[in-house]
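Listing of query_39.cif, mmCIF, C-alpha atoms and all ligand atoms
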data_upload
loop_
_atom_site.label_atom_id
_atom_site.label_comp_id
_atom_site.auth_asym_id
_atom_site.auth_seq_id
_atom_site.Cartn_x
_atom_site.Cartn_y
_atom_site.Cartn_z
CA MET H 1 7.11 -5.17 -35.30
CA ARG H 2 4.63 -7.84 -34.04
CA TRP H 3 2.92 -7.37 -30.72
CA ASP H 4 0.25 -9.20 -28.73
CA THR H 5 -1.80 -6.14 -27.82
CA ILE H 6 -1.73 -2.43 -28.57
CA TRP H 7 -3.67 0.30 -26.74
CA LEU H 8 -4.66 3.18 -29.01
CA ASN H 9 -6.78 6.32 -28.81
CA ALA H 10 -5.40 7.16 -25.37
CA SER H 11 -3.16 9.71 -23.80
CA LEU H 12 -0.55 8.32 -21.44
CA ALA H 13 0.50 9.29 -17.94
CA THR H 14 3.65 7.16 -17.97
CA LEU H 15 4.97 8.37 -14.58
CA ASP H 16 8.35 7.61 -16.13
CA PRO H 17 10.81 10.45 -15.47
CA GLY H 18 12.57 9.67 -18.75
CA THR H 19 9.45 9.92 -20.92
CA GLY H 20 6.87 12.50 -21.93
CA SER H 21 6.32 15.84 -20.32
CA GLY H 22 5.34 17.35 -16.97
CA GLY H 23 5.05 15.60 -13.61
CA TYR H 24 2.94 12.84 -15.14
CA GLY H 25 5.33 11.87 -17.92
CA GLY H 26 2.44 12.75 -20.21
CA ILE H 27 2.11 11.77 -23.85
CA VAL H 28 -0.97 13.12 -25.62
CA ASP H 29 -2.39 10.66 -28.20
CA GLY H 30 0.03 7.87 -27.38
CA ALA H 31 0.24 4.15 -27.89
CA VAL H 32 1.40 1.26 -25.69
CA ALA H 33 2.26 -2.15 -27.12
CA VAL H 34 2.78 -5.38 -25.24
CA ARG H 35 4.58 -8.62 -26.01
CA ASP H 36 4.67 -11.58 -23.61
CA GLY H 37 3.12 -9.50 -20.83
CA ARG H 38 5.80 -6.80 -20.96
CA ILE H 39 5.66 -3.32 -22.40
CA ALA H 40 7.43 -3.51 -25.75
CA TRP H 41 6.77 -0.01 -27.13
CA VAL H 42 5.51 3.29 -25.73
CA GLY H 43 5.34 6.71 -27.36
CA PRO H 44 3.27 9.13 -29.42
CA ARG H 45 1.03 7.31 -31.86
CA SER H 46 2.51 9.38 -34.67
CA GLU H 47 5.88 7.75 -34.02
CA LEU H 48 4.73 4.12 -34.21
CA PRO H 49 7.15 2.16 -36.40
CA VAL H 50 5.89 1.58 -39.93
CA GLY H 51 4.46 -1.88 -40.50
CA TRP H 52 3.58 -2.59 -36.85
CA ARG H 53 1.07 -5.38 -36.22
CA ALA H 54 -0.76 -6.52 -33.11
CA GLU H 55 -3.03 -9.50 -32.45
CA LEU H 56 -5.40 -7.29 -30.48
CA GLU H 57 -6.09 -3.56 -30.82
CA LEU H 58 -7.76 -1.90 -27.83
CA ASP H 59 -9.48 1.47 -28.18
CA CYS H 60 -9.28 3.55 -24.99
CA GLY H 61 -12.01 5.91 -26.16
CA GLY H 62 -9.85 9.01 -25.95
CA GLY H 63 -9.23 8.53 -22.21
CA TRP H 64 -5.98 8.23 -20.29
CA LEU H 65 -3.81 5.21 -19.52
CA THR H 66 -1.78 5.11 -16.31
CA PRO H 67 0.25 2.37 -14.73
CA GLY H 68 -2.03 0.04 -12.75
CA LEU H 69 -2.41 1.60 -9.30
CA ILE H 70 -0.48 0.14 -6.37
CA ASP H 71 -1.76 0.18 -2.78
CA CYS H 72 1.48 -0.39 -0.86
CA HIS H 73 0.05 -0.46 2.70
CA THR H 74 -3.12 -2.30 3.71
CA HIS H 75 -4.34 -4.48 6.56
CA LEU H 76 -7.34 -5.69 4.59
CA VAL H 77 -7.52 -9.28 5.86
CA TYR H 78 -9.57 -9.04 9.04
CA ALA H 79 -13.04 -9.92 10.31
CA GLY H 80 -15.66 -7.75 11.98
CA SER H 81 -16.16 -4.03 12.26
CA ARG H 82 -15.24 -1.31 14.73
CA ALA H 83 -18.23 0.94 14.12
CA GLY H 84 -18.94 0.93 17.88
CA GLU H 85 -15.49 2.39 18.59
CA PHE H 86 -16.13 5.02 15.96
CA GLU H 87 -19.16 6.07 17.99
CA GLN H 88 -17.09 6.07 21.20
CA ARG H 89 -14.51 8.30 19.60
CA LEU H 90 -17.23 10.64 18.39
CA GLN H 91 -18.22 10.95 22.04
CA GLY H 92 -14.71 11.95 23.04
CA ALA H 93 -12.77 8.73 23.72
CA SER H 94 -9.31 8.70 22.10
CA TYR H 95 -7.83 5.92 19.97
CA GLU H 96 -5.19 5.32 22.64
CA GLU H 97 -7.77 5.13 25.47
CA ILE H 98 -9.80 2.55 23.57
CA ALA H 99 -6.64 0.55 22.82
CA ARG H 100 -5.50 0.64 26.48
CA ALA H 101 -8.94 -0.62 27.59
CA GLY H 102 -8.49 -3.76 25.48
CA GLY H 103 -10.40 -2.57 22.43
CA GLY H 104 -8.80 -1.25 19.27
CA ILE H 105 -6.54 -3.70 17.47
CA LEU H 106 -7.31 -6.37 20.07
CA SER H 107 -11.03 -6.32 19.33
CA THR H 108 -10.25 -7.06 15.68
CA VAL H 109 -7.84 -9.80 16.81
CA ARG H 110 -10.69 -11.48 18.69
CA ALA H 111 -13.03 -11.26 15.68
CA THR H 112 -10.36 -12.46 13.25
CA ARG H 113 -9.27 -15.42 15.36
CA ALA H 114 -12.94 -16.44 15.70
CA ALA H 115 -13.79 -16.15 11.99
CA ASP H 116 -13.59 -19.31 9.91
CA HIS H 117 -11.46 -19.40 6.81
CA ASP H 118 -14.28 -18.88 4.31
CA ARG H 119 -15.70 -15.87 6.11
CA LEU H 120 -12.29 -14.26 6.43
CA LEU H 121 -11.66 -14.87 2.74
CA GLN H 122 -15.06 -13.49 1.69
CA GLU H 123 -14.97 -10.35 3.84
CA SER H 124 -11.43 -9.59 2.70
CA ALA H 125 -12.16 -10.32 -0.98
CA ARG H 126 -14.88 -7.66 -0.94
CA ARG H 127 -12.38 -5.02 0.11
CA LEU H 128 -9.79 -6.16 -2.42
CA GLN H 129 -12.39 -6.15 -5.21
CA ALA H 130 -13.31 -2.57 -4.30
CA LEU H 131 -9.68 -1.58 -4.76
CA GLY H 132 -9.57 -3.43 -8.07
CA ALA H 133 -12.63 -1.57 -9.32
CA GLU H 134 -10.56 1.61 -9.07
CA GLY H 135 -7.71 0.38 -11.24
CA VAL H 136 -5.51 -1.15 -8.54
CA THR H 137 -3.36 -4.03 -9.83
CA THR H 138 -0.89 -4.56 -6.96
CA VAL H 139 -1.67 -4.59 -3.24
CA GLU H 140 0.40 -5.13 -0.14
CA ILE H 141 -1.47 -6.98 2.61
CA LYS H 142 -0.20 -7.15 6.19
CA SER H 143 -1.08 -9.68 8.84
CA GLY H 144 -1.31 -8.33 12.38
CA TYR H 145 -4.78 -9.35 13.57
CA GLY H 146 -3.76 -12.87 14.59
CA LEU H 147 -0.85 -12.27 16.98
CA ASP H 148 0.03 -15.93 17.37
CA THR H 149 1.96 -18.04 14.91
CA ALA H 150 -0.98 -20.06 13.61
CA SER H 151 -3.32 -17.07 13.25
CA GLU H 152 -0.74 -14.81 11.61
CA SER H 153 0.15 -17.62 9.18
CA ARG H 154 -3.54 -18.12 8.39
CA ILE H 155 -3.99 -14.42 7.56
CA LEU H 156 -0.96 -14.51 5.27
CA ARG H 157 -2.28 -17.62 3.52
CA VAL H 158 -5.66 -15.94 3.00
CA ALA H 159 -3.84 -12.89 1.60
CA ARG H 160 -1.91 -15.09 -0.84
CA GLN H 161 -5.11 -16.86 -1.90
CA LEU H 162 -6.88 -13.56 -2.59
CA GLY H 163 -4.50 -12.58 -5.40
CA PRO H 164 -5.71 -15.08 -8.02
CA ILE H 165 -9.33 -14.82 -6.81
CA CYS H 166 -9.44 -11.04 -7.32
CA GLY H 167 -7.00 -10.75 -10.24
CA MET H 168 -4.42 -8.86 -8.23
CA THR H 169 -0.72 -9.08 -7.51
CA VAL H 170 -0.48 -9.46 -3.74
CA LYS H 171 2.63 -8.84 -1.66
CA THR H 172 2.38 -10.08 1.91
CA THR H 173 3.94 -8.62 5.04
CA LEU H 174 4.19 -10.19 8.49
CA LEU H 175 3.10 -7.67 11.13
CA GLY H 176 3.37 -9.91 14.17
CA ALA H 177 4.59 -6.93 16.24
CA HIS H 178 1.36 -4.98 15.75
CA ALA H 179 -0.05 -5.13 19.30
CA LEU H 180 0.44 -7.17 22.44
CA PRO H 181 -1.99 -10.11 22.45
CA PRO H 182 -4.07 -10.47 25.65
CA GLU H 183 -2.37 -13.73 26.67
CA TYR H 184 0.95 -11.81 26.88
CA ALA H 185 -0.42 -8.77 28.79
CA GLY H 186 2.43 -7.21 30.78
CA ARG H 187 4.98 -9.47 29.05
CA ALA H 188 5.87 -7.58 25.89
CA ASP H 189 9.48 -8.81 25.79
CA GLU H 190 8.28 -12.40 25.98
CA TYR H 191 5.89 -11.80 23.09
CA ILE H 192 8.69 -10.26 21.05
CA ALA H 193 10.77 -13.37 21.82
CA LEU H 194 7.90 -15.48 20.43
CA VAL H 195 7.77 -13.32 17.29
CA CYS H 196 11.53 -13.70 16.78
CA GLU H 197 12.03 -17.30 17.82
CA GLU H 198 8.84 -18.96 16.56
CA MET H 199 6.65 -16.76 14.35
CA LEU H 200 9.27 -15.32 12.00
CA PRO H 201 11.10 -18.62 11.43
CA ALA H 202 7.78 -20.41 10.77
CA VAL H 203 6.54 -17.76 8.36
CA GLY H 204 9.98 -17.67 6.72
CA ALA H 205 10.11 -21.46 6.30
CA ALA H 206 6.66 -21.51 4.70
CA ALA H 207 7.60 -18.52 2.49
CA LEU H 208 4.39 -16.76 3.52
CA ALA H 209 5.75 -13.22 3.76
CA ASP H 210 7.64 -10.93 1.40
CA ALA H 211 8.55 -8.46 4.16
CA VAL H 212 8.28 -7.76 7.89
CA ASP H 213 6.60 -4.75 9.52
CA ALA H 214 6.22 -3.53 13.12
CA PHE H 215 4.31 -0.83 15.01
CA SER H 216 6.70 1.42 16.94
CA GLU H 217 4.49 3.46 19.26
CA THR H 218 3.71 4.06 22.93
CA VAL H 219 0.57 1.88 22.56
CA ALA H 220 2.56 -0.82 20.76
CA PHE H 221 6.29 -1.66 20.85
CA THR H 222 9.47 0.18 21.83
CA PRO H 223 12.26 0.89 19.34
CA GLN H 224 14.38 -1.73 21.14
CA GLN H 225 11.70 -4.39 20.69
CA VAL H 226 11.25 -3.45 17.04
CA ALA H 227 15.02 -3.63 16.51
CA ARG H 228 14.99 -7.23 17.76
CA VAL H 229 12.29 -8.13 15.26
CA PHE H 230 14.17 -6.41 12.43
CA GLU H 231 17.44 -8.13 13.30
CA THR H 232 15.68 -11.48 13.09
CA ALA H 233 14.08 -10.50 9.76
CA ARG H 234 17.54 -9.66 8.47
CA THR H 235 18.91 -13.07 9.38
CA LEU H 236 16.01 -14.60 7.41
CA GLY H 237 16.74 -12.38 4.40
CA LEU H 238 13.45 -10.44 4.67
CA ARG H 239 13.22 -6.70 4.00
CA VAL H 240 11.55 -4.55 6.65
CA LYS H 241 9.19 -1.59 6.85
CA LEU H 242 7.84 0.31 9.84
CA HIS H 243 4.72 2.04 11.19
CA ALA H 244 6.76 5.03 12.32
CA ASP H 245 5.93 8.18 14.30
CA GLN H 246 2.18 7.97 13.67
CA LEU H 247 0.95 9.22 17.07
CA SER H 248 4.20 10.39 18.65
CA ASP H 249 7.90 10.73 17.77
CA SER H 250 9.60 7.53 18.89
CA GLY H 251 12.50 7.98 16.49
CA GLY H 252 10.73 5.62 14.08
CA ALA H 253 12.04 7.19 10.89
CA ALA H 254 15.66 6.87 12.03
CA LEU H 255 15.03 3.29 13.19
CA ALA H 256 13.57 2.35 9.80
CA ALA H 257 16.51 4.01 8.03
CA HIS H 258 19.01 2.19 10.26
CA PHE H 259 17.62 -1.12 9.02
CA ARG H 260 17.49 0.10 5.39
CA ALA H 261 13.72 -0.34 5.43
CA LEU H 262 11.85 -0.39 2.15
CA SER H 263 9.48 2.19 3.62
CA ALA H 264 8.66 4.16 6.74
CA ASP H 265 4.92 4.70 7.00
CA HIS H 266 2.72 7.42 8.57
CA LEU H 267 5.52 9.81 9.77
CA GLU H 268 3.20 12.50 11.19
CA TYR H 269 5.56 13.15 14.13
CA SER H 270 8.89 12.52 12.40
CA SER H 271 11.66 15.05 13.09
CA GLU H 272 13.97 16.78 10.59
CA GLU H 273 16.71 14.34 11.61
CA GLY H 274 14.36 11.44 10.93
CA VAL H 275 13.66 12.79 7.45
CA GLU H 276 17.39 13.21 6.81
CA SER H 277 18.04 9.60 7.80
CA LEU H 278 15.32 8.37 5.39
CA ALA H 279 16.95 10.33 2.59
CA GLN H 280 20.36 8.84 3.37
CA ALA H 281 18.98 5.29 3.48
CA GLY H 282 16.86 5.55 0.33
CA THR H 283 13.77 4.59 2.32
CA VAL H 284 10.39 5.54 0.82
CA ALA H 285 7.96 7.63 2.91
CA VAL H 286 4.46 6.13 2.78
CA LEU H 287 1.75 8.70 3.55
CA LEU H 288 -1.59 7.49 4.90
CA PRO H 289 -4.07 10.38 4.81
CA GLY H 290 -7.03 8.07 5.49
CA ALA H 291 -5.79 7.34 9.03
CA PHE H 292 -4.90 11.01 9.55
CA TYR H 293 -8.42 12.00 8.53
CA PHE H 294 -10.27 9.29 10.43
CA LEU H 295 -8.38 9.93 13.70
CA ARG H 296 -8.84 13.68 13.17
CA GLU H 297 -5.10 14.18 13.55
CA THR H 298 -3.90 17.74 13.28
CA ARG H 299 -0.19 17.28 12.73
CA ALA H 300 0.61 16.48 9.11
CA PRO H 301 3.78 14.62 8.10
CA PRO H 302 6.77 16.86 7.33
CA ILE H 303 6.01 16.95 3.60
CA ALA H 304 8.13 20.00 2.77
CA ALA H 305 11.20 18.47 4.43
CA LEU H 306 10.63 15.08 2.77
CA ARG H 307 10.24 16.78 -0.59
CA ALA H 308 13.32 18.98 -0.06
CA ARG H 309 15.44 15.93 0.79
CA GLY H 310 14.16 14.00 -2.23
CA VAL H 311 12.54 11.20 -0.23
CA PRO H 312 10.08 9.39 -2.55
CA LEU H 313 6.50 9.95 -1.38
CA ALA H 314 4.19 6.96 -1.70
CA LEU H 315 0.54 7.01 -0.80
CA ALA H 316 -1.66 4.16 0.44
CA SER H 317 -5.10 3.39 1.84
CA ASP H 318 -3.99 1.76 5.13
CA CYS H 319 -7.27 -0.17 4.71
CA ASN H 320 -7.96 -1.39 8.27
CA PRO H 321 -10.96 -1.45 10.63
CA GLY H 322 -9.59 0.91 13.28
CA THR H 323 -8.00 3.93 11.66
CA SER H 324 -8.88 3.79 7.95
CA PRO H 325 -11.91 1.66 7.13
CA CYS H 326 -11.57 2.58 3.50
CA SER H 327 -11.13 0.59 0.29
CA SER H 328 -10.66 3.53 -2.06
CA LEU H 329 -7.20 4.47 -3.24
CA LEU H 330 -8.59 7.25 -5.45
CA LEU H 331 -9.99 8.95 -2.34
CA MET H 332 -6.45 8.92 -0.93
CA LEU H 333 -5.24 10.91 -3.93
CA ASN H 334 -7.74 13.62 -3.12
CA MET H 335 -6.98 13.54 0.61
CA ALA H 336 -3.22 13.68 0.06
CA CYS H 337 -3.74 16.89 -1.89
CA THR H 338 -6.30 18.53 0.41
CA LEU H 339 -4.85 17.40 3.77
CA PHE H 340 -1.12 17.10 3.02
CA ARG H 341 -0.83 19.57 0.11
CA LEU H 342 0.68 17.13 -2.36
CA THR H 343 0.30 18.12 -5.98
CA PRO H 344 -2.03 15.87 -8.00
CA ALA H 345 1.00 14.66 -9.97
CA GLU H 346 2.85 13.79 -6.74
CA ALA H 347 -0.26 11.96 -5.54
CA LEU H 348 -0.46 9.87 -8.72
CA ALA H 349 3.27 9.10 -8.52
CA GLY H 350 2.58 8.07 -4.92
CA VAL H 351 0.23 5.26 -6.00
CA THR H 352 2.34 4.16 -8.97
CA ARG H 353 6.10 4.77 -9.27
CA SER H 354 6.86 5.45 -5.58
CA ALA H 355 4.47 2.76 -4.32
CA ALA H 356 6.32 0.25 -6.52
CA GLN H 357 9.57 1.38 -4.95
CA ALA H 358 8.05 0.96 -1.47
CA LEU H 359 7.42 -2.70 -2.32
CA GLY H 360 10.82 -3.29 -3.92
CA LEU H 361 9.12 -3.58 -7.33
CA ALA H 362 10.48 -0.47 -9.06
CA ASP H 363 11.92 -2.50 -11.95
CA GLU H 364 8.71 -4.47 -12.43
CA VAL H 365 5.67 -2.15 -12.19
CA GLY H 366 4.64 1.44 -11.43
CA ARG H 367 5.59 3.14 -14.72
CA ILE H 368 4.64 2.78 -18.37
CA ALA H 369 8.11 2.01 -19.69
CA VAL H 370 9.62 -0.57 -22.02
CA GLY H 371 10.52 -3.79 -20.21
CA LEU H 372 8.11 -3.36 -17.30
CA ARG H 373 5.13 -5.64 -16.80
CA ALA H 374 2.10 -4.33 -18.70
CA ASP H 375 0.02 -3.47 -15.63
CA LEU H 376 -2.24 -0.65 -16.79
CA ALA H 377 -5.41 1.21 -15.87
CA CYS H 378 -7.62 3.07 -18.34
CA TRP H 379 -9.59 6.14 -17.23
CA GLU H 380 -12.43 8.18 -18.66
CA VAL H 381 -10.88 11.55 -17.78
CA SER H 382 -9.74 14.48 -19.89
CA HIS H 383 -6.62 15.02 -17.75
CA PRO H 384 -4.91 12.90 -15.04
CA THR H 385 -5.33 15.72 -12.50
CA GLU H 386 -9.01 14.70 -12.43
CA LEU H 387 -8.03 11.48 -10.64
CA ALA H 388 -7.09 13.55 -7.55
CA TYR H 389 -9.59 16.33 -8.09
CA ALA H 390 -12.88 14.42 -8.00
CA PHE H 391 -13.78 12.27 -5.00
CA GLY H 392 -16.46 9.63 -4.78
CA ALA H 393 -16.19 9.20 -8.54
CA ASN H 394 -14.71 6.20 -10.27
CA PRO H 395 -13.70 6.87 -13.86
CA CYS H 396 -11.82 3.56 -14.27
CA THR H 397 -12.81 1.80 -17.51
CA GLY H 398 -10.24 -0.98 -17.66
CA ARG H 399 -7.58 -2.78 -15.68
CA TYR H 400 -4.81 -5.01 -17.07
CA ILE H 401 -2.13 -7.18 -15.49
CA GLY H 402 0.64 -8.36 -17.78
CA GLY H 403 -1.47 -7.02 -20.64
CA VAL H 404 -4.46 -9.21 -19.72
CA ALA H 405 -7.83 -7.64 -18.84
CA MET H 406 -8.82 -8.20 -15.20
CA PRO H 407 -12.26 -8.07 -13.57
CA ARG H 408 -13.34 -4.78 -12.03
N1 LIG H 501 -1.41 1.87 12.63
C1 LIG H 501 -2.64 2.01 12.16
O1 LIG H 501 -3.13 3.04 11.78
C2 LIG H 501 -3.27 0.70 12.14
N2 LIG H 501 -2.23 -0.15 12.58
C3 LIG H 501 -1.19 0.57 12.87
O2 LIG H 501 -0.14 0.08 13.27
C4 LIG H 501 -4.44 0.64 13.05
C5 LIG H 501 -4.96 -0.73 13.17
C6 LIG H 501 -6.23 -0.81 13.97
O3 LIG H 501 -6.58 0.10 14.75
O4 LIG H 501 -6.88 -1.84 13.80
FE FE H 502 -1.10 0.60 8.84
#

Will you turn the file into structure tokens for me?
Ligand code: DI6
Ligand code: FE
Amino acid sequence: MRWDTIWLNASLATLDPGTGSGGYGGIVDGAVAVRDGRIAWVGPRSELPVGWRAELELDCGGGWLTPGLIDCHTHLVYAGSRAGEFEQRLQGASYEEIARAGGGILSTVRATRAADHDRLLQESARRLQALGAEGVTTVEIKSGYGLDTASESRILRVARQLGPICGMTVKTTLLGAHALPPEYAGRADEYIALVCEEMLPAVGAAALADAVDAFSETVAFTPQQVARVFETARTLGLRVKLHADQLSDSGGAALAAHFRALSADHLEYSSEEGVESLAQAGTVAVLLPGAFYFLRETRAPPIAALRARGVPLALASDCNPGTSPCSSLLLMLNMACTLFRLTPAEALAGVTRSAAQALGLADEVGRIAVGLRADLACWEVSHPTELAYAFGANPCTGRYIGGVAMPR
């Protein structure tokens, strides 16, 4: 057996249902070996084949190895800050009121359109690096603060550029139907026509997006308008996902399921029927406790129903300036447990195995299993439950993509 690299002196949270024990797929005192960037062997160290050799032996110091973390829902390419709106909300204004008065998403659209390329890249890189410092190896980045074809394309290009700069696998999503831009005020159907007839074909032709998202909400777009966008995405061969039932029940979960969405995200107001349709469609539920916390929402997503129906639960930062100005995925593990009552093992699966599924990458990353890419994170913890238990701590000691060490 000849390998490129072997990780030793570590316990493993494989998150692979077929391996190890408990909800983490745990292997105490394990080993992981890599050849050509892929996991070639995983198991208890005591079962390593006799005569194994590796070019490089890495000592994990008795800590734990997990799959590299995956943040499957972010809007991290934007300019400016919405600290002023935070103060307004603290004085009683609601998110919807601020949005209706032309603030909210539109204030970030103004700042993002005005920012030059270098500033946008720099501000966004800082947020992506913060995620990387906590063991994140794959990130989804949405557009949605440009709202015209050129600006949305620019955001997606910046997102693509950030991957190699920050040592991160980046998946991009076009969120043209995020809000109605000011120049289309009162003409939502015409804006949706622009998204379908100009923006999507342009982004598709330049291969700038891996998927298409939309915001189905009273302050955003109707289910009929979203359906038009999704039908166009389908003709271009792009998978879809949806901001569904975040602030009210607009039937978002069922709409996402109807279009066989990769994921339906938020889901605070989803009904039992909505949950059932997600289960039938195999759509992943993405939970975003940062937005729930920051907006001081009181209605949690229907976790028990999602769990009972076997809908995979992913977890993400929603990193954005309006509802989750947060670049910590570890904090989301803690919040998912405290606010949504996930178990720590469910939370870790939510940022690994299920997050990979939410990005259509289940056969590539998200578990420590033979054949998958060797995206790993090493942690100075005595048990993986500590990743959800402590907050404001960062026990990450190493981060690898395809077996290669990445900056933190
Ligand atoms: N839901 C959200 O929580 C973010 N976008 C969305 O569709 C909010 C984005 C913002 O307020 O800037
Ligand atoms: Fe979001």

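Minimum atom-to-atom distances from H:Val226, H:Cys319, H:Val77, H:Cys196 to Ala111 (chain H) were compared using only C-alpha atoms, and the lowest value belongs to H:Val77.
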
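Counting only C-alpha atoms, Ala336 (chain H) has the following residues at most 9 Å away, ignoring those fewer than 3 positions along the same chain: Leu287, Leu288, Pro289, Gly290, Leu315, Leu331, Met332, Leu333, Leu339, Phe340, Arg341, Leu342, Thr343, Pro344, Ala347 and Ala388 of chain H.
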
Give the answer as one residue: which of H:Gly163, H:Gly350, H:Pro395, H:Gly146 has the shortest atom-to-atom distance to His73 (chain H), using all atoms listed in the file?
H:Gly350

Around ligand LIG 501 (chain H), with edges along x, y and z and 8 Å added on all six sides, what centre and edge lengths do you get, in Å to one decimal, as JSON?
{"center_x": -3.5, "center_y": 0.6, "center_z": 13.3, "size_x": 22.7, "size_y": 20.9, "size_z": 19.0}

Return as number ranges by chain every polymer residue, whether protein, DNA or RNA, with at least one atom no more than 6 Å from an atom of ligand LIG 501 (chain H); count all atoms listed in the file.
H: 104-105, 178, 215, 243, 291, 320-323

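The gap separating CA of Tyr389 (chain H) from CA of Pro312 (chain H) is 21.6 Å, in Å to one decimal.
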
Long-range neighbours of region 247-251 of chain H as a PDB file with C-alpha atoms, in the frame of the given file, 9 Å cut-off, only C-alpha atoms, 5 positions minimum in chain:
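Result file follows (result_37.pdb):
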ATOM      1  CA  SER H 216       6.700   1.420  16.940  1.00  0.00           C
ATOM      2  CA  GLU H 217       4.490   3.460  19.260  1.00  0.00           C
ATOM      3  CA  THR H 218       3.710   4.060  22.930  1.00  0.00           C
ATOM      4  CA  THR H 222       9.470   0.180  21.830  1.00  0.00           C
ATOM      5  CA  PRO H 223      12.260   0.890  19.340  1.00  0.00           C
ATOM      6  CA  ALA H 256      13.570   2.350   9.800  1.00  0.00           C
ATOM      7  CA  HIS H 266       2.720   7.420   8.570  1.00  0.00           C
ATOM      8  CA  LEU H 267       5.520   9.810   9.770  1.00  0.00           C
ATOM      9  CA  GLU H 268       3.200  12.500  11.190  1.00  0.00           C
ATOM     10  CA  TYR H 269       5.560  13.150  14.130  1.00  0.00           C
ATOM     11  CA  SER H 270       8.890  12.520  12.400  1.00  0.00           C
ATOM     12  CA  SER H 271      11.660  15.050  13.090  1.00  0.00           C
ATOM     13  CA  GLY H 274      14.360  11.440  10.930  1.00  0.00           C
ATOM     14  CA  GLU H 297      -5.100  14.180  13.550  1.00  0.00           C
TER      15      GLU H 297
END

Pick out the closest residue to Pro384 (chain H) from this set: H:Met1, H:Ala304, H:Leu15, H:Ala253. Count only C-alpha atoms.
H:Leu15

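Candidate residues H:Val311, H:Ala177, H:Ala393, H:Ala254 were compared for distance to ligand FE 502 (chain H), and the nearest is H:Ala177, using all atoms listed in the file.
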
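Our summary of the geometry notes that CA of Glu272 (chain H) is positioned 17.6 Å from CA of Leu242 (chain H).
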
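Taking all atoms listed in the file into account, ligand FE 502 (chain H) lies nearest to H:Val286 out of the set H:Cys378, H:Leu387, H:Val286, H:Ala193.
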
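Here CA of Gly25 (chain H) is placed at a distance of 24.0 Å from CA of Ala133 (chain H).
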
Would you list the contacts of Ile303 (chain H) as a PyMOL selection string, taking every protein, DNA or RNA residue within 9 Å and counting all atoms listed in the file, but skipping same-chain residues closer than 2 positions in sequence?
chain H and resi 300-301+305-308+313+340-342

Could you add whatever atoms are missing so that region 319-328 of chain H carries N, CA, C and O atoms, then write the result as a tab-separated table (two decimals), in the frame of the given file?
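Contents of the output file part21.tsv:
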chain	number	residue	atom	x	y	z
H	319	CYS	N	-5.98	0.51	4.49
H	319	CYS	CA	-7.27	-0.17	4.71
H	319	CYS	C	-7.22	-1.06	5.96
H	319	CYS	O	-6.53	-2.08	5.98
H	320	ASN	N	-7.90	-0.64	7.02
H	320	ASN	CA	-7.96	-1.39	8.27
H	320	ASN	C	-9.19	-0.94	9.04
H	320	ASN	O	-9.71	0.15	8.80
H	321	PRO	N	-9.68	-1.77	9.99
H	321	PRO	CA	-10.96	-1.45	10.63
H	321	PRO	C	-10.89	-0.36	11.69
H	321	PRO	O	-11.93	0.17	12.08
H	322	GLY	N	-9.67	-0.01	12.14
H	322	GLY	CA	-9.59	0.91	13.28
H	322	GLY	C	-9.31	2.35	12.91
H	322	GLY	O	-9.86	3.28	13.51
H	323	THR	N	-8.41	2.55	11.93
H	323	THR	CA	-8.00	3.93	11.66
H	323	THR	C	-8.24	4.36	10.22
H	323	THR	O	-8.09	5.54	9.90
H	324	SER	N	-8.61	3.41	9.34
H	324	SER	CA	-8.88	3.79	7.95
H	324	SER	C	-9.76	2.74	7.29
H	324	SER	O	-9.32	1.99	6.42
H	325	PRO	N	-11.02	2.67	7.71
H	325	PRO	CA	-11.91	1.66	7.13
H	325	PRO	C	-12.34	2.08	5.73
H	325	PRO	O	-13.48	2.47	5.48
H	326	CYS	N	-11.41	1.98	4.82
H	326	CYS	CA	-11.57	2.58	3.50
H	326	CYS	C	-10.94	1.69	2.44
H	326	CYS	O	-9.79	1.26	2.59
H	327	SER	N	-11.68	1.39	1.39
H	327	SER	CA	-11.13	0.59	0.29
H	327	SER	C	-11.10	1.41	-0.99
H	327	SER	O	-11.41	0.90	-2.05
H	328	SER	N	-10.77	2.68	-0.88
H	328	SER	CA	-10.66	3.53	-2.06
H	328	SER	C	-9.30	4.20	-2.11
H	328	SER	O	-8.98	5.04	-1.25
